[in-house]
Amino acid sequence: MADAVVKVDWDALRARARDIVQQAYAPYSNYRVGAAALVDDGRIVAGCNVENAAYGVVLCAECGLVSELVAGGGGRLVAFTCCNSEDDVIMPCGRCRQLLWEHGGAELLVETPLGIQTMSQVLPQAFGPEALAAVRD
């Protein structure tokens, strides 16, 4: 889905990410992250990071965003942005890129520090549901 097909209000997405970053629970790293995405039905979903004293169970902002997406009835992500508390656009980690691929696919538009890219550019040769389908057949 190209930006020309779906009108993305990047300012509104960034504003939502910057708003929810204030809700982040980051007492250990003090690195607050907020994420927001446009869903194919027009909703905006968002999430913030939630740290834990057991570092391995930290929830990234994208986890909260995908949880809101699924809890709200599902759909496909069409545009995504993520920022820190300094208002810098940042990249999702590897695990979160996989989450975004699962719920947005190759054509998901991702705002990166270098500009808008598709998910297939952000995560080339991604592993997805089609890889599992190949072994089930």
# chains A, B, ... in the order shown; residues from 1 in each chain; ligands from 1

call {"tool": "select_by_dssp", "arguments": {"residues": "chain A", "states": "strand (DSSP E)", "output": "ChimeraX atom specification"}}
result
/A:33-39,44-48,77-84,109-112,115-118

call {"tool": "residues_around", "arguments": {"residues": "Lys7 of chain A", "least_positions_apart": "5", "cutoff": "12 Å", "atoms": "only C-alpha atoms", "output": "ChimeraX atom specification"}}
result
/A:1-2,12-13,38-40,42,78-79,109

call {"tool": "write_last_selection", "arguments": {"atoms": "C-alpha atoms", "output": "PDB file, in the first residue's frame"}}
result
ATOM      1  CA  MET A   1       0.000   0.000   0.000  1.00  0.00           C
ATOM      2  CA  ALA A   2       1.722   3.192  -1.120  1.00  0.00           C
ATOM      3  CA  ALA A  12      -1.045  13.063  13.918  1.00  0.00           C
ATOM      4  CA  LEU A  13       0.755   9.721  14.296  1.00  0.00           C
ATOM      5  CA  LEU A  38      -2.661   3.812  11.527  1.00  0.00           C
ATOM      6  CA  VAL A  39      -4.931   0.796  11.035  1.00  0.00           C
ATOM      7  CA  ASP A  40      -6.613  -0.010   7.724  1.00  0.00           C
ATOM      8  CA  GLY A  42      -8.784   4.443  10.148  1.00  0.00           C
ATOM      9  CA  VAL A  78      -0.713   0.628   7.307  1.00  0.00           C
ATOM     10  CA  ALA A  79       1.601   3.298   8.781  1.00  0.00           C
ATOM     11  CA  LEU A 109       4.872   2.304   5.867  1.00  0.00           C
TER      12      LEU A 109
END

call {"tool": "closest_residue", "arguments": {"among": "A:Val8, A:Cys60, A:Ala37, A:Ala106", "to": "Phe127 of chain A", "atoms": "only C-alpha atoms"}}
result
A:Ala106

call {"tool": "atom_distance", "arguments": {"atom1": "atom CA of Cys63 of chain A", "atom2": "atom CA of Ile20 of chain A"}}
result
13.5 Å

call {"tool": "residues_around", "arguments": {"residues": "Glu51 of chain A", "least_positions_apart": "5", "cutoff": "6 Å", "atoms": "only C-alpha atoms", "output": "list in words"}}
result
Tyr25, Ala26 and Val58 of chain A

call {"tool": "write_last_selection", "arguments": {"atoms": "N, CA and C atoms", "output": "tab-separated table (two decimals), in the first residue's frame"}}
result
chain	number	residue	atom	x	y	z
A	25	TYR	N	6.63	3.36	31.34
A	25	TYR	CA	7.15	2.96	32.64
A	25	TYR	C	8.59	2.53	32.42
A	26	ALA	N	9.52	3.43	32.70
A	26	ALA	CA	10.94	3.18	32.40
A	26	ALA	C	11.83	3.58	33.59
A	58	VAL	N	10.84	-7.07	29.61
A	58	VAL	CA	10.44	-5.72	29.23
A	58	VAL	C	9.49	-5.79	28.02

call {"tool": "closest_residue", "arguments": {"among": "A:Ser85, A:Arg95, A:Ala17, A:Tyr28", "to": "Tyr55 of chain A", "atoms": "only C-alpha atoms"}}
result
A:Tyr28

call {"tool": "residues_around", "arguments": {"residues": "Asn84 of chain A", "least_positions_apart": "6", "cutoff": "8 Å", "atoms": "only C-alpha atoms", "output": "list of chain:residue names"}}
result
A:Arg18, A:Val21, A:Tyr31, A:Arg32, A:Val33, A:Gly34, A:Ile90

call {"tool": "closest_residue", "arguments": {"among": "A:Asp19, A:Ala54, A:Glu130, A:Leu123", "to": "Leu99 of chain A", "atoms": "only C-alpha atoms"}}
result
A:Leu123

call {"tool": "select_by_dssp", "arguments": {"residues": "chain A", "states": "alpha helix (DSSP H)", "output": "short mmCIF file (atom, residue, chain, number, x, y, z; two decimals) with N, CA, C and O atoms, in the first residue's frame"}}
result
data_model
loop_
_atom_site.label_atom_id
_atom_site.label_comp_id
_atom_site.auth_asym_id
_atom_site.auth_seq_id
_atom_site.Cartn_x
_atom_site.Cartn_y
_atom_site.Cartn_z
N TRP A 10 1.10 11.90 9.09
CA TRP A 10 2.28 11.58 9.89
C TRP A 10 2.38 12.47 11.11
O TRP A 10 2.83 12.04 12.16
N ASP A 11 1.93 13.72 11.00
CA ASP A 11 1.96 14.63 12.15
C ASP A 11 1.06 14.11 13.27
O ASP A 11 1.44 14.15 14.45
N ALA A 12 -0.12 13.60 12.91
CA ALA A 12 -1.04 13.06 13.92
C ALA A 12 -0.47 11.79 14.55
O ALA A 12 -0.59 11.60 15.77
N LEU A 13 0.15 10.94 13.74
CA LEU A 13 0.75 9.72 14.30
C LEU A 13 1.88 10.07 15.26
O LEU A 13 1.97 9.52 16.36
N ARG A 14 2.75 10.99 14.84
CA ARG A 14 3.86 11.42 15.69
C ARG A 14 3.33 12.03 16.98
O ARG A 14 3.86 11.79 18.07
N ALA A 15 2.28 12.84 16.88
CA ALA A 15 1.71 13.48 18.07
C ALA A 15 1.18 12.43 19.04
O ALA A 15 1.37 12.56 20.26
N ARG A 16 0.55 11.39 18.53
CA ARG A 16 0.04 10.32 19.41
C ARG A 16 1.18 9.57 20.08
O ARG A 16 1.14 9.27 21.26
N ALA A 17 2.24 9.29 19.31
CA ALA A 17 3.42 8.61 19.87
C ALA A 17 4.07 9.48 20.94
O ALA A 17 4.47 9.00 22.00
N ARG A 18 4.17 10.77 20.67
CA ARG A 18 4.80 11.68 21.63
C ARG A 18 3.93 11.88 22.87
O ARG A 18 4.45 12.14 23.96
N ASP A 19 2.62 11.74 22.72
CA ASP A 19 1.72 11.84 23.86
C ASP A 19 1.85 10.61 24.75
O ASP A 19 2.03 10.73 25.97
N ILE A 20 1.80 9.44 24.16
CA ILE A 20 1.83 8.21 24.96
C ILE A 20 3.21 7.93 25.56
O ILE A 20 3.31 7.22 26.54
N ALA A 61 7.22 -0.63 23.28
CA ALA A 61 6.02 0.14 22.92
C ALA A 61 5.21 -0.56 21.83
O ALA A 61 3.98 -0.53 21.84
N GLU A 62 5.90 -1.20 20.91
CA GLU A 62 5.21 -1.88 19.81
C GLU A 62 4.36 -3.04 20.31
O GLU A 62 3.32 -3.35 19.73
N CYS A 63 4.78 -3.67 21.42
CA CYS A 63 3.98 -4.76 22.02
C CYS A 63 2.63 -4.21 22.47
O CYS A 63 1.59 -4.83 22.22
N GLY A 64 2.64 -3.07 23.13
CA GLY A 64 1.39 -2.45 23.57
C GLY A 64 0.52 -2.03 22.41
O GLY A 64 -0.70 -2.19 22.43
N LEU A 65 1.15 -1.51 21.36
CA LEU A 65 0.43 -1.09 20.17
C LEU A 65 -0.26 -2.29 19.52
O LEU A 65 -1.46 -2.23 19.20
N VAL A 66 0.45 -3.38 19.34
CA VAL A 66 -0.14 -4.58 18.72
C VAL A 66 -1.22 -5.16 19.62
O VAL A 66 -2.25 -5.63 19.14
N SER A 67 -1.02 -5.12 20.93
CA SER A 67 -2.05 -5.58 21.85
C SER A 67 -3.33 -4.76 21.70
O SER A 67 -4.43 -5.32 21.66
N GLU A 68 -3.20 -3.45 21.59
CA GLU A 68 -4.37 -2.60 21.39
C GLU A 68 -5.04 -2.91 20.06
O GLU A 68 -6.27 -2.94 19.96
N LEU A 69 -4.24 -3.15 19.03
CA LEU A 69 -4.78 -3.51 17.71
C LEU A 69 -5.64 -4.76 17.81
O LEU A 69 -6.79 -4.77 17.38
N VAL A 70 -5.10 -5.81 18.39
CA VAL A 70 -5.80 -7.09 18.48
C VAL A 70 -7.02 -6.97 19.41
O VAL A 70 -8.11 -7.44 19.08
N ALA A 71 -6.84 -6.33 20.56
CA ALA A 71 -7.95 -6.18 21.51
C ALA A 71 -9.08 -5.34 20.93
O ALA A 71 -10.25 -5.52 21.28
N GLY A 94 14.65 -5.43 16.67
CA GLY A 94 14.43 -6.58 15.79
C GLY A 94 13.16 -7.35 16.13
O GLY A 94 12.39 -7.72 15.24
N ARG A 95 12.93 -7.62 17.41
CA ARG A 95 11.72 -8.34 17.82
C ARG A 95 10.48 -7.56 17.39
O ARG A 95 9.50 -8.14 16.90
N CYS A 96 10.52 -6.26 17.55
CA CYS A 96 9.35 -5.45 17.22
C CYS A 96 9.16 -5.31 15.71
O CYS A 96 8.04 -5.20 15.24
N ARG A 97 10.24 -5.34 14.96
CA ARG A 97 10.11 -5.35 13.50
C ARG A 97 9.34 -6.59 13.08
O ARG A 97 8.51 -6.55 12.18
N GLN A 98 9.61 -7.71 13.75
CA GLN A 98 8.89 -8.95 13.45
C GLN A 98 7.41 -8.80 13.79
O GLN A 98 6.53 -9.23 13.03
N LEU A 99 7.09 -8.19 14.94
CA LEU A 99 5.69 -7.94 15.31
C LEU A 99 5.00 -7.07 14.27
O LEU A 99 3.86 -7.33 13.88
N LEU A 100 5.68 -6.02 13.83
CA LEU A 100 5.10 -5.12 12.84
C LEU A 100 4.88 -5.84 11.51
O LEU A 100 3.87 -5.62 10.84
N TRP A 101 5.81 -6.70 11.13
CA TRP A 101 5.66 -7.47 9.88
C TRP A 101 4.40 -8.34 9.97
O TRP A 101 3.61 -8.41 9.03
N GLU A 102 4.23 -9.01 11.09
CA GLU A 102 3.08 -9.91 11.28
C GLU A 102 1.76 -9.18 11.13
O GLU A 102 0.81 -9.71 10.57
N HIS A 103 1.70 -7.93 11.60
CA HIS A 103 0.43 -7.21 11.63
C HIS A 103 0.31 -6.09 10.60
O HIS A 103 -0.72 -5.42 10.54
N GLY A 104 1.35 -5.92 9.79
CA GLY A 104 1.29 -4.90 8.73
C GLY A 104 1.80 -5.39 7.40
O GLY A 104 1.42 -4.89 6.35
N MET A 119 7.98 -1.75 5.16
CA MET A 119 8.48 -2.78 6.09
C MET A 119 9.44 -3.72 5.38
O MET A 119 10.40 -4.19 5.99
N SER A 120 9.24 -3.98 4.09
CA SER A 120 10.17 -4.85 3.37
C SER A 120 11.55 -4.23 3.24
O SER A 120 12.54 -4.95 3.13
N GLN A 121 11.65 -2.91 3.30
CA GLN A 121 12.96 -2.26 3.33
C GLN A 121 13.57 -2.31 4.73
O GLN A 121 14.78 -2.45 4.88
N VAL A 122 12.72 -2.20 5.74
CA VAL A 122 13.17 -2.21 7.13
C VAL A 122 13.57 -3.62 7.58
O VAL A 122 14.50 -3.79 8.35
N PRO A 129 4.10 -15.50 8.13
CA PRO A 129 3.13 -16.60 8.09
C PRO A 129 3.27 -17.49 6.85
O PRO A 129 3.05 -18.69 6.93
N GLU A 130 3.64 -16.90 5.74
CA GLU A 130 3.78 -17.69 4.50
C GLU A 130 4.90 -18.73 4.62
O GLU A 130 4.82 -19.80 4.02
N ALA A 131 5.91 -18.46 5.42
CA ALA A 131 6.98 -19.44 5.63
C ALA A 131 6.44 -20.65 6.39
O ALA A 131 6.83 -21.79 6.10
N LEU A 132 5.56 -20.43 7.33
CA LEU A 132 4.94 -21.54 8.06
C LEU A 132 3.97 -22.31 7.19
O LEU A 132 3.89 -23.54 7.28
N ALA A 133 3.25 -21.59 6.35
CA ALA A 133 2.30 -22.26 5.46
C ALA A 133 3.00 -23.21 4.52
O ALA A 133 2.49 -24.28 4.18
N ALA A 134 4.20 -22.86 4.10
CA ALA A 134 4.97 -23.70 3.17
C ALA A 134 5.28 -25.07 3.75
O ALA A 134 5.29 -26.07 3.03
N VAL A 135 5.50 -25.16 5.06
CA VAL A 135 5.83 -26.45 5.67
C VAL A 135 4.59 -27.21 6.12
O VAL A 135 4.66 -28.41 6.36
N ARG A 136 3.46 -26.54 6.23
CA ARG A 136 2.21 -27.21 6.60
C ARG A 136 1.59 -27.92 5.41
O ARG A 136 0.83 -28.84 5.57
#

call {"tool": "closest_residue", "arguments": {"among": "A:Gly75, A:Gly105, A:Gly56, A:Pro113", "to": "Gln125 of chain A", "atoms": "only C-alpha atoms"}}
result
A:Gly105

call {"tool": "atom_distance", "arguments": {"atom1": "atom CA of Ala24 of chain A", "atom2": "atom CA of Cys48 of chain A"}}
result
5.0 Å

call {"tool": "closest_residue", "arguments": {"among": "A:Arg43, A:Asp9, A:Glu111, A:Asn30", "to": "Phe80 of chain A", "atoms": "only C-alpha atoms"}}
result
A:Glu111

call {"tool": "atom_distance", "arguments": {"atom1": "atom CA of Asp41 of chain A", "atom2": "atom CA of Asp87 of chain A"}}
result
26.8 Å

call {"tool": "closest_residue", "arguments": {"among": "A:Cys82, A:Val89, A:Leu108, A:Leu114", "to": "Ala36 of chain A", "atoms": "only C-alpha atoms"}}
result
A:Cys82
